[in-house]
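These notes are about the structure you will find just below.
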Amino acid sequence: MANKQTGLINQPSIATSLLILVVVLLACTKSKEGPSASVPADCQEFLDKYFDAWKSKDVATLQALSFYLSPQDQSRLPAGSLELWRESKNKLVTENFEQVTRDFGDFKGYEVLRAKTTTISPQDQVAANTIGSGIHTELVCKARFSKKHDAHVGLHLIKETEGSQYIVAAWNFQAEP
């Protein structure tokens, strides 16, 4: 039983590491905001779906779009623990949504300020083993909320192949200074 729990504890640490990466990205990019950044069409479609879920308070869609677990990481989980991982991840998404809504109010809209896309191949074993191979897109968006009108949203999106769908690997909300 202890091994199963240990395996589960290691998986959230991947998400935590990615979240730290997003926080660092936000800290390093506090310069004046310029015009909206352009993103690939499939990324824009994903962002619209993701932020529409925030606007409509559709937590089930946010849960479905959040927290990437690579096939390699899935295979490392002890038997029967994938469902526990999903339940834990869904609980975290719900808690984060509730906290952001309490702190910032209802979501009103967004614009993309910065975007950077990097492809990590399976041959780049260090990076692939750390954050997964695939297409990684790091974004900083300016989001508008009803209480604190503006916040920066850092998103780290990943998709395994060119034809697959994006998923949120890590995110962070931070009130504008």
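Residues are named by chain letter and number: chains run A, B, ... in the order of the structure tokens, numbers start at 1 in each chain, and ligands are numbered from 1 in the order shown.
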Selection: 10 Å around Ala115 (chain A), only C-alpha atoms, excl. self and same-chain fewer than 2 positions, as a PyMOL selection string: chain A and resi 36-40+112-113+117+137-141+154-156
Take the selection from the previous step and output its residues with N, CA, C and O atoms, as an mmCIF file, in the first residue's frame.
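In the end it all went to again_23.cif:
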data_model
loop_
_atom_site.group_PDB
_atom_site.id
_atom_site.type_symbol
_atom_site.label_atom_id
_atom_site.label_comp_id
_atom_site.auth_asym_id
_atom_site.auth_seq_id
_atom_site.Cartn_x
_atom_site.Cartn_y
_atom_site.Cartn_z
ATOM 1 N N SER A 36 -1.694 41.841 -28.440
ATOM 2 C CA SER A 36 -1.956 40.422 -28.238
ATOM 3 C C SER A 36 -1.046 39.575 -29.113
ATOM 4 O O SER A 36 -0.762 39.918 -30.256
ATOM 5 N N ALA A 37 -0.606 38.460 -28.552
ATOM 6 C CA ALA A 37 0.247 37.528 -29.295
ATOM 7 C C ALA A 37 -0.631 36.620 -30.141
ATOM 8 O O ALA A 37 -1.758 36.300 -29.770
ATOM 9 N N SER A 38 -0.095 36.205 -31.270
ATOM 10 C CA SER A 38 -0.849 35.262 -32.088
ATOM 11 C C SER A 38 -0.467 33.844 -31.685
ATOM 12 O O SER A 38 0.657 33.586 -31.244
ATOM 13 N N VAL A 39 -1.420 32.949 -31.789
ATOM 14 C CA VAL A 39 -1.208 31.543 -31.464
ATOM 15 C C VAL A 39 -1.744 30.699 -32.624
ATOM 16 O O VAL A 39 -2.608 31.163 -33.374
ATOM 17 N N PRO A 40 -1.243 29.477 -32.774
ATOM 18 C CA PRO A 40 -1.771 28.605 -33.837
ATOM 19 C C PRO A 40 -3.277 28.390 -33.660
ATOM 20 O O PRO A 40 -3.806 28.464 -32.541
ATOM 21 N N VAL A 112 -4.342 36.812 -25.189
ATOM 22 C CA VAL A 112 -3.023 36.199 -25.100
ATOM 23 C C VAL A 112 -1.980 37.300 -25.216
ATOM 24 O O VAL A 112 -1.966 38.049 -26.190
ATOM 25 N N LEU A 113 -1.102 37.399 -24.205
ATOM 26 C CA LEU A 113 -0.043 38.402 -24.215
ATOM 27 C C LEU A 113 1.242 37.850 -24.831
ATOM 28 O O LEU A 113 1.926 38.539 -25.573
ATOM 29 N N THR A 117 6.153 28.237 -28.356
ATOM 30 C CA THR A 117 5.943 26.817 -28.607
ATOM 31 C C THR A 117 7.283 26.133 -28.824
ATOM 32 O O THR A 117 8.143 26.649 -29.537
ATOM 33 N N THR A 137 3.390 24.435 -25.388
ATOM 34 C CA THR A 137 3.123 25.848 -25.620
ATOM 35 C C THR A 137 2.964 26.537 -24.272
ATOM 36 O O THR A 137 2.112 26.147 -23.476
ATOM 37 N N GLU A 138 3.826 27.515 -24.031
ATOM 38 C CA GLU A 138 3.750 28.310 -22.812
ATOM 39 C C GLU A 138 3.097 29.642 -23.157
ATOM 40 O O GLU A 138 3.514 30.310 -24.095
ATOM 41 N N LEU A 139 2.075 29.993 -22.398
ATOM 42 C CA LEU A 139 1.304 31.205 -22.665
ATOM 43 C C LEU A 139 1.182 32.053 -21.415
ATOM 44 O O LEU A 139 1.116 31.526 -20.311
ATOM 45 N N VAL A 140 1.126 33.346 -21.624
ATOM 46 C CA VAL A 140 0.717 34.273 -20.578
ATOM 47 C C VAL A 140 -0.479 35.029 -21.148
ATOM 48 O O VAL A 140 -0.396 35.637 -22.217
ATOM 49 N N CYS A 141 -1.583 34.924 -20.442
ATOM 50 C CA CYS A 141 -2.810 35.594 -20.872
ATOM 51 C C CYS A 141 -3.207 36.637 -19.834
ATOM 52 O O CYS A 141 -2.929 36.489 -18.645
ATOM 53 N N GLY A 154 -0.863 32.073 -16.396
ATOM 54 C CA GLY A 154 0.202 31.342 -17.061
ATOM 55 C C GLY A 154 -0.278 29.936 -17.347
ATOM 56 O O GLY A 154 -0.805 29.266 -16.457
ATOM 57 N N LEU A 155 -0.155 29.512 -18.575
ATOM 58 C CA LEU A 155 -0.576 28.166 -18.968
ATOM 59 C C LEU A 155 0.581 27.448 -19.644
ATOM 60 O O LEU A 155 1.287 28.042 -20.459
ATOM 61 N N HIS A 156 0.761 26.201 -19.302
ATOM 62 C CA HIS A 156 1.696 25.338 -20.019
ATOM 63 C C HIS A 156 0.827 24.244 -20.644
ATOM 64 O O HIS A 156 0.270 23.403 -19.938
#
message: At a cut-off of 6 Å, using only C-alpha atoms, what residues contact region 93-105 of chain A? Leave out same-chain residues fewer than 5 positions from it and give the result as a PyMOL selection string.
response: chain A and resi 63+145-148
message: Which residues are near Thr161 (chain A)? Cut-off 10 Å, only C-alpha atoms, ignore same chain within fewer than 2 positions. Put them as a ChimeraX atom specification.
response: /A:119,133-135,158-159,163-166
message: What's around Lys89 (chain A) at 10 Å? Count only C-alpha atoms, leave out sequence neighbours fewer than 3 positions away in its own chain, and write the answer as JSON, numbers by chain.
response: {"A": [12, 15, 63, 64, 66, 67, 68, 83, 84, 85, 86, 92, 93, 94, 95]}
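The closest residue to Lys116 (chain A), picked from A:Ala143, A:Leu157, A:Ala60, A:Leu69 and counting only C-alpha atoms, is A:Leu157.
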